[in-house]
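The file target-v5.pdb contains PDB, C-alpha atoms:
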ATOM      1  CA  ARG P   1     -98.960 -13.308-122.743
ATOM      2  CA  SER P   2     -98.802 -14.005-126.446
ATOM      3  CA  ALA P   3     -95.056 -14.543-126.905
ATOM      4  CA  LEU P   4     -94.845 -18.140-125.739
ATOM      5  CA  PRO P   5     -97.741 -19.647-127.731
ATOM      6  CA  SER P   6     -96.856 -17.696-130.863
ATOM      7  CA  ALA P   7     -93.125 -18.490-130.590
ATOM      8  CA  VAL P   8     -93.710 -22.237-130.544
ATOM      9  CA  THR P   9     -96.238 -22.233-133.399
ATOM     10  CA  GLY P  10     -94.658 -19.953-136.011
ATOM     11  CA  LEU P  11     -97.265 -17.217-135.533
ATOM     12  CA  PHE P  12     -96.980 -13.515-134.811
ATOM     13  CA  GLY P  13     -97.831 -12.346-131.322
ATOM     14  CA  LEU P  14     -97.451  -8.913-129.804
ATOM     15  CA  LYS P  15     -97.948  -8.469-126.092
ATOM     16  CA  PRO P  16     -99.413  -4.959-126.027
ATOM     17  CA  GLN P  17     -98.632  -2.299-123.490
ATOM     18  CA  ARG P  18    -100.260  -3.052-120.146
ATOM     19  CA  GLY P  19    -103.605  -1.280-120.162
ATOM     20  CA  ARG P  20    -103.899  -1.144-123.958
ATOM     21  CA  ILE P  21    -106.810  -3.580-124.060
ATOM     22  CA  SER P  22    -109.294  -3.635-121.201
ATOM     23  CA  LEU P  23    -109.607  -6.765-119.084
ATOM     24  CA  SER P  24    -113.006  -5.662-117.764
ATOM     25  CA  PRO P  25    -114.835  -6.728-115.670
ATOM     26  CA  GLU P  26    -111.527  -7.406-113.881
ATOM     27  CA  PRO P  27    -109.415  -4.288-113.169
ATOM     28  CA  GLN P  28    -106.313  -6.398-113.875
ATOM     29  CA  MET P  29    -105.372 -10.083-113.941
ATOM     30  CA  TRP P  30    -102.586 -12.040-112.275
ATOM     31  CA  GLY P  31    -101.193  -8.975-110.561
ATOM     32  CA  GLY P  32    -100.710  -7.136-113.853
ATOM     33  CA  LEU P  33     -98.767  -9.945-115.546
ATOM     34  CA  VAL P  34    -101.582 -10.709-117.981
ATOM     35  CA  VAL P  35    -102.601  -8.541-120.933
ATOM     36  CA  ALA P  36    -105.027  -9.273-123.762
ATOM     37  CA  GLY P  37    -104.049  -9.300-127.403
ATOM     38  CA  PRO P  38    -104.418 -11.325-130.594
ATOM     39  CA  ILE P  39    -102.143 -13.994-132.017
ATOM     40  CA  THR P  40    -102.246 -13.958-135.812
ATOM     41  CA  ARG P  41    -100.707 -15.324-138.974
ATOM     42  CA  THR P  42     -99.518 -11.908-140.180
ATOM     43  CA  VAL P  43     -98.528  -8.586-138.631
ATOM     44  CA  LEU P  44    -101.304  -6.738-140.455
ATOM     45  CA  ASP P  45    -103.911  -9.163-139.124
ATOM     46  CA  TRP P  46    -102.746  -8.379-135.575
ATOM     47  CA  ALA P  47    -103.054  -4.662-136.264
ATOM     48  CA  LEU P  48    -106.526  -4.991-137.799
ATOM     49  CA  VAL P  49    -107.840  -6.884-134.760
ATOM     50  CA  ALA P  50    -106.100  -4.681-132.190
ATOM     51  CA  ASP P  51    -107.488  -1.518-133.780
ATOM     52  CA  GLN P  52    -110.969  -2.836-133.026
ATOM     53  CA  ILE P  53    -110.470  -4.028-129.459
ATOM     54  CA  HIS P  54    -108.072  -1.605-127.776
ATOM     55  CA  GLY P  55    -109.243   0.957-125.254
ATOM     56  CA  ALA P  56    -109.999   1.386-121.574
ATOM     57  CA  VAL P  57    -113.175   1.404-119.499
ATOM     58  CA  PRO P  58    -113.856   2.851-116.036
ATOM     59  CA  GLY P  59    -112.342   0.658-113.352
ATOM     60  CA  ASP P  60    -109.298  -0.501-115.307
ATOM     61  CA  ALA P  61    -106.177  -0.590-113.126
ATOM     62  CA  HIS P  62    -103.967   0.501-116.049
ATOM     63  CA  VAL P  63    -104.604   2.765-119.026
ATOM     64  CA  ALA P  64    -102.115   2.940-121.903
ATOM     65  CA  HIS P  65    -101.286   6.172-123.700
ATOM     66  CA  PRO P  66    -103.069   6.564-127.051
ATOM     67  CA  PRO P  67    -101.070   5.113-129.971
ATOM     68  CA  ARG P  68     -99.540   7.722-132.285
ATOM     69  CA  THR P  69    -101.322   6.202-135.312
ATOM     70  CA  SER P  70    -103.728   3.375-135.888
ATOM     71  CA  PHE P  71    -102.052   0.009-135.578
ATOM     72  CA  THR P  72    -103.047  -0.764-139.160
ATOM     73  CA  GLU P  73    -101.241   2.336-140.399
ATOM     74  CA  ALA P  74     -98.180   1.421-138.344
ATOM     75  CA  ALA P  75     -98.071  -2.066-139.864
ATOM     76  CA  ARG P  76     -98.218  -0.525-143.349
ATOM     77  CA  THR P  77     -95.557   2.132-142.687
ATOM     78  CA  ASP P  78     -91.810   1.712-143.133
ATOM     79  CA  PRO P  79     -90.097   2.244-139.757
ATOM     80  CA  GLY P  80     -87.235   4.327-141.138
ATOM     81  CA  ARG P  81     -83.719   3.887-139.789
ATOM     82  CA  LEU P  82     -83.758   2.703-136.183
ATOM     83  CA  ARG P  83     -81.087   1.910-133.623
ATOM     84  CA  ILE P  84     -81.653  -1.666-132.504
ATOM     85  CA  GLY P  85     -79.886  -3.293-129.570
ATOM     86  CA  VAL P  86     -79.204  -7.031-129.619
ATOM     87  CA  SER P  87     -78.828  -8.997-126.401
ATOM     88  CA  LEU P  88     -78.037 -12.677-126.015
ATOM     89  CA  ARG P  89     -77.244 -12.492-122.307
ATOM     90  CA  PRO P  90     -79.512 -14.849-120.348
ATOM     91  CA  TRP P  91     -81.395 -13.036-117.611
ATOM     92  CA  GLY P  92     -80.222 -15.285-114.842
ATOM     93  CA  PRO P  93     -77.155 -17.345-113.878
ATOM     94  CA  GLY P  94     -76.507 -20.695-115.495
ATOM     95  CA  ILE P  95     -79.226 -20.478-118.163
ATOM     96  CA  PRO P  96     -78.060 -21.925-121.495
ATOM     97  CA  ILE P  97     -79.273 -20.702-124.885
ATOM     98  CA  ALA P  98     -79.594 -23.288-127.647
ATOM     99  CA  GLU P  99     -77.310 -22.762-130.630
ATOM    100  CA  GLU P 100     -80.216 -22.642-133.076
ATOM    101  CA  VAL P 101     -81.834 -19.914-130.982
ATOM    102  CA  ARG P 102     -78.620 -17.872-131.017
ATOM    103  CA  ASP P 103     -78.389 -18.338-134.768
ATOM    104  CA  ALA P 104     -81.972 -17.094-135.224
ATOM    105  CA  VAL P 105     -81.234 -13.916-133.265
ATOM    106  CA  GLN P 106     -77.972 -13.292-135.114
ATOM    107  CA  ASP P 107     -79.614 -13.942-138.491
ATOM    108  CA  THR P 108     -82.376 -11.472-137.619
ATOM    109  CA  ALA P 109     -79.802  -8.899-136.529
ATOM    110  CA  ALA P 110     -78.010  -9.320-139.868
ATOM    111  CA  LEU P 111     -81.296  -8.934-141.746
ATOM    112  CA  LEU P 112     -82.132  -5.760-139.813
ATOM    113  CA  THR P 113     -78.703  -4.402-140.715
ATOM    114  CA  ASP P 114     -79.354  -5.196-144.380
ATOM    115  CA  LEU P 115     -82.671  -3.346-144.077
ATOM    116  CA  GLY P 116     -80.782  -0.206-143.087
ATOM    117  CA  HIS P 117     -80.975  -0.200-139.302
ATOM    118  CA  ASP P 118     -78.118   0.598-136.931
ATOM    119  CA  VAL P 119     -77.776  -2.696-135.052
ATOM    120  CA  VAL P 120     -75.522  -2.827-131.986
ATOM    121  CA  ARG P 121     -74.678  -5.484-129.389
ATOM    122  CA  LEU P 122     -76.047  -4.410-126.040
ATOM    123  CA  ASP P 123     -76.371  -6.469-122.869
ATOM    124  CA  PRO P 124     -78.037  -4.144-120.377
ATOM    125  CA  PRO P 125     -78.058  -4.925-116.638
ATOM    126  CA  MET P 126     -81.684  -5.814-116.004
ATOM    127  CA  ARG P 127     -81.899  -6.568-112.252
ATOM    128  CA  ASP P 128     -82.712 -10.135-113.185
ATOM    129  CA  VAL P 129     -83.180 -11.399-109.645
ATOM    130  CA  THR P 130     -85.639  -8.630-108.771
ATOM    131  CA  ALA P 131     -87.746  -9.154-111.901
ATOM    132  CA  SER P 132     -87.653 -12.955-111.668
ATOM    133  CA  THR P 133     -88.617 -12.910-107.988
ATOM    134  CA  GLN P 134     -91.488 -10.486-108.609
ATOM    135  CA  PHE P 135     -92.690 -12.553-111.544
ATOM    136  CA  ALA P 136     -92.534 -15.831-109.629
ATOM    137  CA  ALA P 137     -94.253 -14.457-106.525
ATOM    138  CA  ARG P 138     -97.038 -12.808-108.534
ATOM    139  CA  TYR P 139     -97.510 -15.922-110.629
ATOM    140  CA  LEU P 140     -97.680 -18.300-107.680
ATOM    141  CA  TYR P 141     -99.869 -16.104-105.490
ATOM    142  CA  ASN P 142    -102.330 -15.474-108.298
ATOM    143  CA  ALA P 143    -102.458 -19.198-109.012
ATOM    144  CA  HIS P 144    -103.571 -19.570-105.407
ATOM    145  CA  LEU P 145    -106.193 -16.834-105.812
ATOM    146  CA  ALA P 146    -107.447 -18.350-109.064
ATOM    147  CA  ARG P 147    -107.911 -21.762-107.512
ATOM    148  CA  THR P 148    -109.629 -20.238-104.508
ATOM    149  CA  GLY P 149    -112.172 -18.635-106.831
ATOM    150  CA  MET P 150    -112.956 -21.809-108.784
ATOM    151  CA  GLU P 151    -116.270 -23.566-108.417
ATOM    152  CA  PHE P 152    -114.580 -26.992-108.367
ATOM    153  CA  PRO P 153    -110.968 -26.330-107.294
ATOM    154  CA  ASP P 154    -110.192 -29.996-106.647
ATOM    155  CA  LEU P 155    -110.813 -30.935-110.291
ATOM    156  CA  VAL P 156    -107.718 -29.202-111.620
ATOM    157  CA  GLU P 157    -104.695 -31.405-112.295
ATOM    158  CA  PRO P 158    -102.341 -32.208-109.403
ATOM    159  CA  ARG P 159     -99.468 -30.000-110.590
ATOM    160  CA  THR P 160    -101.791 -26.990-110.842
ATOM    161  CA  ARG P 161    -102.970 -27.658-107.296
ATOM    162  CA  ALA P 162     -99.339 -27.885-106.189
ATOM    163  CA  VAL P 163     -98.527 -24.531-107.831
ATOM    164  CA  ALA P 164    -101.504 -22.934-106.097
ATOM    165  CA  GLU P 165    -100.390 -24.426-102.784
ATOM    166  CA  LEU P 166     -96.944 -22.869-103.208
ATOM    167  CA  GLY P 167     -98.667 -19.535-103.733
ATOM    168  CA  ARG P 168    -100.761 -19.991-100.604
ATOM    169  CA  ARG P 169     -97.632 -20.585 -98.544
ATOM    170  CA  LEU P 170     -95.738 -17.515 -99.715
ATOM    171  CA  PRO P 171     -94.879 -15.056 -96.915
ATOM    172  CA  ARG P 172     -97.358 -12.187 -97.007
ATOM    173  CA  GLY P 173     -94.560  -9.627 -96.900
ATOM    174  CA  LEU P 174     -93.127 -11.100-100.089
ATOM    175  CA  VAL P 175     -96.559 -11.035-101.722
ATOM    176  CA  ARG P 176     -97.124  -7.377-100.835
ATOM    177  CA  TRP P 177     -93.712  -6.444-102.226
ATOM    178  CA  ALA P 178     -94.192  -8.451-105.420
ATOM    179  CA  MET P 179     -97.695  -7.123-106.105
ATOM    180  CA  LYS P 180     -96.841  -3.447-105.880
ATOM    181  CA  ASP P 181     -96.183  -1.401-109.016
ATOM    182  CA  ASP P 182     -92.387  -1.230-108.950
ATOM    183  CA  ARG P 183     -91.670   2.133-110.519
ATOM    184  CA  ALA P 184     -87.949   1.892-109.810
ATOM    185  CA  LEU P 185     -87.672  -1.420-111.687
ATOM    186  CA  THR P 186     -89.751  -0.058-114.568
ATOM    187  CA  ALA P 187     -87.537   3.020-114.839
ATOM    188  CA  HIS P 188     -84.393   0.890-114.642
ATOM    189  CA  ALA P 189     -85.537  -1.497-117.383
ATOM    190  CA  ASN P 190     -86.539   1.377-119.650
ATOM    191  CA  ARG P 191     -83.158   3.093-119.396
ATOM    192  CA  ILE P 192     -82.107   0.942-122.331
ATOM    193  CA  PHE P 193     -84.446   2.907-124.586
ATOM    194  CA  THR P 194     -82.434   6.072-124.087
ATOM    195  CA  SER P 195     -79.799   4.516-126.371
ATOM    196  CA  VAL P 196     -81.846   2.224-128.655
ATOM    197  CA  ASP P 197     -85.323   2.288-130.183
ATOM    198  CA  VAL P 198     -85.934  -1.472-130.036
ATOM    199  CA  LEU P 199     -84.341  -4.395-128.161
ATOM    200  CA  LEU P 200     -83.858  -7.721-129.970
ATOM    201  CA  THR P 201     -83.499 -10.890-127.863
ATOM    202  CA  PRO P 202     -84.412 -14.558-128.083
ATOM    203  CA  ALA P 203     -88.080 -15.201-127.437
ATOM    204  CA  LEU P 204     -87.348 -18.538-125.733
ATOM    205  CA  THR P 205     -84.008 -20.065-124.770
ATOM    206  CA  ARG P 206     -84.545 -23.266-126.754
ATOM    207  CA  PRO P 207     -86.783 -24.604-129.523
ATOM    208  CA  PRO P 208     -90.323 -25.752-128.648
ATOM    209  CA  ILE P 209     -90.413 -28.425-125.980
ATOM    210  CA  ARG P 210     -92.157 -31.722-126.579
ATOM    211  CA  VAL P 211     -95.622 -32.294-125.183
ATOM    212  CA  GLY P 212     -95.243 -33.913-121.765
ATOM    213  CA  GLU P 213     -91.499 -33.293-121.573
ATOM    214  CA  TRP P 214     -91.695 -32.049-117.985
ATOM    215  CA  ASP P 215     -94.378 -34.455-116.770
ATOM    216  CA  GLY P 216     -92.002 -36.506-114.650
ATOM    217  CA  ARG P 217     -90.617 -33.529-112.745
ATOM    218  CA  ASN P 218     -91.889 -32.309-109.403
ATOM    219  CA  VAL P 219     -93.548 -28.912-109.333
ATOM    220  CA  VAL P 220     -90.457 -26.957-108.242
ATOM    221  CA  ALA P 221     -88.261 -28.527-110.934
ATOM    222  CA  ALA P 222     -90.923 -27.907-113.586
ATOM    223  CA  LEU P 223     -91.341 -24.264-112.540
ATOM    224  CA  LEU P 224     -87.565 -23.757-112.621
ATOM    225  CA  ALA P 225     -87.348 -25.297-116.099
ATOM    226  CA  ALA P 226     -90.186 -23.059-117.292
ATOM    227  CA  SER P 227     -88.483 -20.009-115.791
ATOM    228  CA  HIS P 228     -85.277 -20.779-117.694
ATOM    229  CA  TYR P 229     -87.249 -21.412-120.887
ATOM    230  CA  THR P 230     -88.999 -18.022-120.700
ATOM    231  CA  THR P 231     -86.296 -15.944-119.013
ATOM    232  CA  PHE P 232     -86.239 -13.267-121.738
ATOM    233  CA  LEU P 233     -89.982 -12.646-121.329
ATOM    234  CA  GLN P 234     -90.394 -12.140-117.601
ATOM    235  CA  MET P 235     -88.994  -8.608-117.220
ATOM    236  CA  TRP P 236     -91.443  -7.199-119.744
ATOM    237  CA  ASN P 237     -94.371  -8.975-118.090
ATOM    238  CA  VAL P 238     -93.459  -7.283-114.822
ATOM    239  CA  VAL P 239     -92.849  -3.746-116.147
ATOM    240  CA  GLY P 240     -95.526  -3.857-118.871
ATOM    241  CA  ASN P 241     -93.677  -2.778-122.032
ATOM    242  CA  PRO P 242     -94.940  -4.002-125.405
ATOM    243  CA  ALA P 243     -92.999  -6.952-126.817
ATOM    244  CA  ALA P 244     -93.453  -8.908-130.043
ATOM    245  CA  SER P 245     -92.658 -12.530-130.858
ATOM    246  CA  VAL P 246     -91.606 -12.613-134.511
ATOM    247  CA  PRO P 247     -91.156 -15.858-136.486
ATOM    248  CA  ALA P 248     -87.479 -16.409-137.345
ATOM    249  CA  GLY P 249     -87.166 -19.579-139.370
ATOM    250  CA  ARG P 250     -87.081 -23.234-138.408
ATOM    251  CA  THR P 251     -84.823 -25.638-136.580
ATOM    252  CA  SER P 252     -83.018 -28.398-138.457
ATOM    253  CA  SER P 253     -85.956 -30.659-137.576
ATOM    254  CA  GLY P 254     -88.567 -28.192-138.836
ATOM    255  CA  LEU P 255     -89.770 -26.668-135.557
ATOM    256  CA  PRO P 256     -90.540 -22.922-135.383
ATOM    257  CA  LEU P 257     -88.018 -20.427-134.044
ATOM    258  CA  ALA P 258     -88.803 -16.881-132.926
ATOM    259  CA  VAL P 259     -87.128 -13.715-131.732
ATOM    260  CA  GLN P 260     -88.437 -11.076-129.367
ATOM    261  CA  LEU P 261     -88.625  -7.367-130.203
ATOM    262  CA  VAL P 262     -89.210  -5.116-127.177
ATOM    263  CA  GLY P 263     -90.289  -1.502-127.546
ATOM    264  CA  ARG P 264     -90.573   1.607-125.452
ATOM    265  CA  GLN P 265     -93.550   1.924-123.152
ATOM    266  CA  HIS P 266     -96.808   2.529-125.051
ATOM    267  CA  ASP P 267     -95.050   2.104-128.425
ATOM    268  CA  GLU P 268     -96.548  -0.885-130.193
ATOM    269  CA  CYS P 269     -96.467   1.122-133.433
ATOM    270  CA  THR P 270     -92.686   0.893-133.873
ATOM    271  CA  LEU P 271     -92.756  -2.844-133.169
ATOM    272  CA  LEU P 272     -95.488  -3.335-135.770
ATOM    273  CA  SER P 273     -93.556  -1.371-138.392
ATOM    274  CA  VAL P 274     -90.335  -3.313-137.803
ATOM    275  CA  SER P 275     -92.120  -6.672-137.588
ATOM    276  CA  ALA P 276     -93.966  -6.020-140.855
ATOM    277  CA  GLN P 277     -90.679  -5.040-142.485
ATOM    278  CA  LEU P 278     -89.146  -8.344-141.352
ATOM    279  CA  GLU P 279     -92.200 -10.203-142.633
ATOM    280  CA  ARG P 280     -91.865  -8.627-146.084
ATOM    281  CA  ALA P 281     -88.202  -9.599-146.219
ATOM    282  CA  ARG P 282     -88.720 -13.062-144.722
ATOM    283  CA  PRO P 283     -92.347 -14.160-145.252
ATOM    284  CA  TRP P 284     -93.663 -16.768-142.846
ATOM    285  CA  ALA P 285     -97.451 -16.806-143.251
ATOM    286  CA  ASP P 286     -97.505 -19.719-145.704
ATOM    287  CA  ARG P 287     -95.092 -21.864-143.713
ATOM    288  CA  THR P 288     -96.209 -24.628-141.377
ATOM    289  CA  PRO P 289     -94.075 -26.724-139.025
ATOM    290  CA  SER P 290     -92.691 -29.863-140.623
ATOM    291  CA  GLY P 291     -90.705 -32.886-139.553
ATOM    292  CA  LEU P 292     -92.501 -33.276-136.242
ATOM    293  CA  GLY P 293     -92.819 -37.032-136.546
ATOM    294  CA  HIS P 294     -94.780 -39.273-134.198
ATOM    295  CA  THR P 295     -93.838 -41.267-131.153
ATOM    296  CA  LYS P 296     -95.504 -44.347-129.800
TER     297      LYS P 296
END
Any chance you could give the structure as structure tokens?
Amino acid sequence: RSALPSAVTGLFGLKPQRGRISLSPEPQMWGGLVVAGPITRTVLDWALVADQIHGAVPGDAHVAHPPRTSFTEAARTDPGRLRIGVSLRPWGPGIPIAEEVRDAVQDTAALLTDLGHDVVRLDPPMRDVTASTQFAARYLYNAHLARTGMEFPDLVEPRTRAVAELGRRLPRGLVRWAMKDDRALTAHANRIFTSVDVLLTPALTRPPIRVGEWDGRNVVAALLAASHYTTFLQMWNVVGNPAASVPAGRTSSGLPLAVQLVGRQHDECTLLSVSAQLERARPWADRTPSGLGHTK
């Protein structure tokens, strides 16, 4: 998905609704966790590209509802007054959120209030364990399938082989449960949108990690660290809602920060309108990360 790479680079990424952009010739990828979509410098650039590439073809496992307008029009249209829920509750026990990440979310909430939106604190129960287990099982099992389909599977790095091996060893009952389309979980997650139009959360639980930071950890420890890092993303990968990663300033050392905006099913247009409004109020396109330094 686009949230992680865009969040750590100061770019705009919107994970579209599952089925918005065809993955042909594959009917779906990674058990439905993967969608296609651009990562761009500006919101309008995302809309311009997505307008050209969205659509379904015969054989797609998922087909999104048609957008209510072109994405370009949505990015150029004021969203009007929306009710926006803000959640800082980690989706799992014992997961810390860095102070600078909390500040970025709270600053964005204040900006949205200044822009005329009705912003409320809302920490919905999200069946974290169910979503996290489904995500992990799908991820691991599809890593196994991907390695099985490679021409030279032994040439991938050792940790990737270890991840694939974990997927191979998963109980088949767990795999069947994780791979099914969980309509109950999707309905439960989307109950939040009966009371708000958009959900604002952290994109990641901490600022960008350093290259190689997890190299010394075994595969289970590295996967657990990654799960904590991306905990706010996993639910929406599983249920398929659109979700945007929006630049939200810099850390004290100059690294990019981002927030996540989640929308109703099939409603990228509202996310584009709100994201473009934030971009006009807090431009980011001409900013590049600074203060990264070098290590020997």
Sorted per-residue table, segment 261-284 of chain P near segment 200-213 of chain P, closest atoms and distance, 10 Å, all atoms listed in the file, as a tab-separated table:
residue	atom	partner	partner_atom	distance
P:Leu261	CA	P:Leu200	CA	4.8
P:Val262	CA	P:Leu200	CA	6.6
P:Gly263	CA	P:Leu200	CA	9.3
Dump C-alpha atoms for the selected residues as a PDB file, in the coordinates of the input?
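Result went into part10.pdb, see below:
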ATOM      1  CA  LEU P 261     -88.625  -7.367-130.203  1.00  0.00           C
ATOM      2  CA  VAL P 262     -89.210  -5.116-127.177  1.00  0.00           C
ATOM      3  CA  GLY P 263     -90.289  -1.502-127.546  1.00  0.00           C
TER       4      GLY P 263
END
Subject >> Polymer residues at most 12 Å from (-95.9, -3.7, -122.3) by all atoms listed in the file, as a VMD selection string >> reply: chain P and resid 1 to 3 14 to 21 32 to 37 62 to 65 186 189 to 190 233 to 244 261 to 268 271
Original post:
Written as an MDAnalysis selection string, which residues does the PyMOL selection byres ((chain P and resi 39-46) around 7) give for the file shown?
Top reply: chainID P and resid 2 6 11:13 37:38 47:50 72 75 272 275:276 285
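Nearest to Pro171 of chain P of all the residues P:Ala74, P:Leu140, P:Leu115, P:Ile53 is P:Leu140, counting all atoms listed in the file.
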Pick out the residues sitting within 12 Å of segment 158-162 of chain P, and hand them over as a PDB file with C-alpha atoms, in the coordinates of the input; count all atoms listed in the file, and ignore anything fewer than 5 positions along from it in its own chain.
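The new file result_2.pdb reads:
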ATOM      1  CA  TYR P 139     -97.510 -15.922-110.629  1.00  0.00           C
ATOM      2  CA  LEU P 140     -97.680 -18.300-107.680  1.00  0.00           C
ATOM      3  CA  TYR P 141     -99.869 -16.104-105.490  1.00  0.00           C
ATOM      4  CA  ASN P 142    -102.330 -15.474-108.298  1.00  0.00           C
ATOM      5  CA  ALA P 143    -102.458 -19.198-109.012  1.00  0.00           C
ATOM      6  CA  HIS P 144    -103.571 -19.570-105.407  1.00  0.00           C
ATOM      7  CA  LEU P 145    -106.193 -16.834-105.812  1.00  0.00           C
ATOM      8  CA  ALA P 146    -107.447 -18.350-109.064  1.00  0.00           C
ATOM      9  CA  ARG P 147    -107.911 -21.762-107.512  1.00  0.00           C
ATOM     10  CA  THR P 148    -109.629 -20.238-104.508  1.00  0.00           C
ATOM     11  CA  MET P 150    -112.956 -21.809-108.784  1.00  0.00           C
ATOM     12  CA  PHE P 152    -114.580 -26.992-108.367  1.00  0.00           C
ATOM     13  CA  PRO P 153    -110.968 -26.330-107.294  1.00  0.00           C
ATOM     14  CA  GLY P 167     -98.667 -19.535-103.733  1.00  0.00           C
ATOM     15  CA  ARG P 168    -100.761 -19.991-100.604  1.00  0.00           C
ATOM     16  CA  ARG P 169     -97.632 -20.585 -98.544  1.00  0.00           C
ATOM     17  CA  TRP P 214     -91.695 -32.049-117.985  1.00  0.00           C
ATOM     18  CA  ASP P 215     -94.378 -34.455-116.770  1.00  0.00           C
ATOM     19  CA  GLY P 216     -92.002 -36.506-114.650  1.00  0.00           C
ATOM     20  CA  ARG P 217     -90.617 -33.529-112.745  1.00  0.00           C
ATOM     21  CA  ASN P 218     -91.889 -32.309-109.403  1.00  0.00           C
ATOM     22  CA  VAL P 219     -93.548 -28.912-109.333  1.00  0.00           C
ATOM     23  CA  VAL P 220     -90.457 -26.957-108.242  1.00  0.00           C
ATOM     24  CA  ALA P 221     -88.261 -28.527-110.934  1.00  0.00           C
ATOM     25  CA  ALA P 222     -90.923 -27.907-113.586  1.00  0.00           C
ATOM     26  CA  LEU P 223     -91.341 -24.264-112.540  1.00  0.00           C
TER      27      LEU P 223
END
**OP:** Choose the residue, out of P:Val120, P:Val259, P:Cys269, P:Val86, that has the smallest atom-to-atom separation from Ala104 of chain P; count all atoms listed in the file.
**Re:**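 Looking only at the distances to Ala104 of chain P, the closest residue turns out to be P:Val259.
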**OP:** Quick one: everything within 9 Å of Asp123 of chain P, counting all atoms listed in the file, minus sequence neighbours fewer than 5 positions away in the same chain. Send it as a PyMOL selection string.
**Re:** chain P and resi 85-89
Original post:
Can you list, as a PyMOL selection string, every protein, DNA or RNA residue that comes within 10 Å of segment 92-102 of chain P when you count only C-alpha atoms, leaving out same-chain residues fewer than 6 positions away?
Top reply: chain P and resi 108+126-129+132+201-207+225+227-229+231-232+248-252+257-259
Dump C-alpha atoms for the selected residues as a PDB file, in the coordinates of the input?
ATOM      1  CA  THR P 108     -82.376 -11.472-137.619  1.00  0.00           C
ATOM      2  CA  MET P 126     -81.684  -5.814-116.004  1.00  0.00           C
ATOM      3  CA  ARG P 127     -81.899  -6.568-112.252  1.00  0.00           C
ATOM      4  CA  ASP P 128     -82.712 -10.135-113.185  1.00  0.00           C
ATOM      5  CA  VAL P 129     -83.180 -11.399-109.645  1.00  0.00           C
ATOM      6  CA  SER P 132     -87.653 -12.955-111.668  1.00  0.00           C
ATOM      7  CA  THR P 201     -83.499 -10.890-127.863  1.00  0.00           C
ATOM      8  CA  PRO P 202     -84.412 -14.558-128.083  1.00  0.00           C
ATOM      9  CA  ALA P 203     -88.080 -15.201-127.437  1.00  0.00           C
ATOM     10  CA  LEU P 204     -87.348 -18.538-125.733  1.00  0.00           C
ATOM     11  CA  THR P 205     -84.008 -20.065-124.770  1.00  0.00           C
ATOM     12  CA  ARG P 206     -84.545 -23.266-126.754  1.00  0.00           C
ATOM     13  CA  PRO P 207     -86.783 -24.604-129.523  1.00  0.00           C
ATOM     14  CA  ALA P 225     -87.348 -25.297-116.099  1.00  0.00           C
ATOM     15  CA  SER P 227     -88.483 -20.009-115.791  1.00  0.00           C
ATOM     16  CA  HIS P 228     -85.277 -20.779-117.694  1.00  0.00           C
ATOM     17  CA  TYR P 229     -87.249 -21.412-120.887  1.00  0.00           C
ATOM     18  CA  THR P 231     -86.296 -15.944-119.013  1.00  0.00           C
ATOM     19  CA  PHE P 232     -86.239 -13.267-121.738  1.00  0.00           C
ATOM     20  CA  ALA P 248     -87.479 -16.409-137.345  1.00  0.00           C
ATOM     21  CA  GLY P 249     -87.166 -19.579-139.370  1.00  0.00           C
ATOM     22  CA  ARG P 250     -87.081 -23.234-138.408  1.00  0.00           C
ATOM     23  CA  THR P 251     -84.823 -25.638-136.580  1.00  0.00           C
ATOM     24  CA  SER P 252     -83.018 -28.398-138.457  1.00  0.00           C
ATOM     25  CA  LEU P 257     -88.018 -20.427-134.044  1.00  0.00           C
ATOM     26  CA  ALA P 258     -88.803 -16.881-132.926  1.00  0.00           C
ATOM     27  CA  VAL P 259     -87.128 -13.715-131.732  1.00  0.00           C
TER      28      VAL P 259
END
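Between Ala281 of chain P and the candidates P:Leu224, P:Leu111, P:Ala184, P:Asp78, the tightest atom-to-atom separation, counting only C-alpha atoms, involves P:Leu111.
Proximity to Arg81 of chain P was assessed for P:Pro27, P:Pro67, P:Pro58, P:Gly116 counting only C-alpha atoms; the smallest distance is recorded for P:Gly116.
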**OP:** Can you work out the spacing between atom CA of Trp30 of chain P and atom CA of Pro256 of chain P in Å, to one decimal?
**Re:** 28.2 Å
For segment 226-230 of chain P, I'd like the enclosing box, axis-aligned and padded by 8 Å on every side, reported as AutoDock Vina command-line options with centre and edge lengths in Å to one decimal.
--center_x -87.7 --center_y -20.5 --center_z -118.3 --size_x 20.9 --size_y 21.0 --size_z 21.1
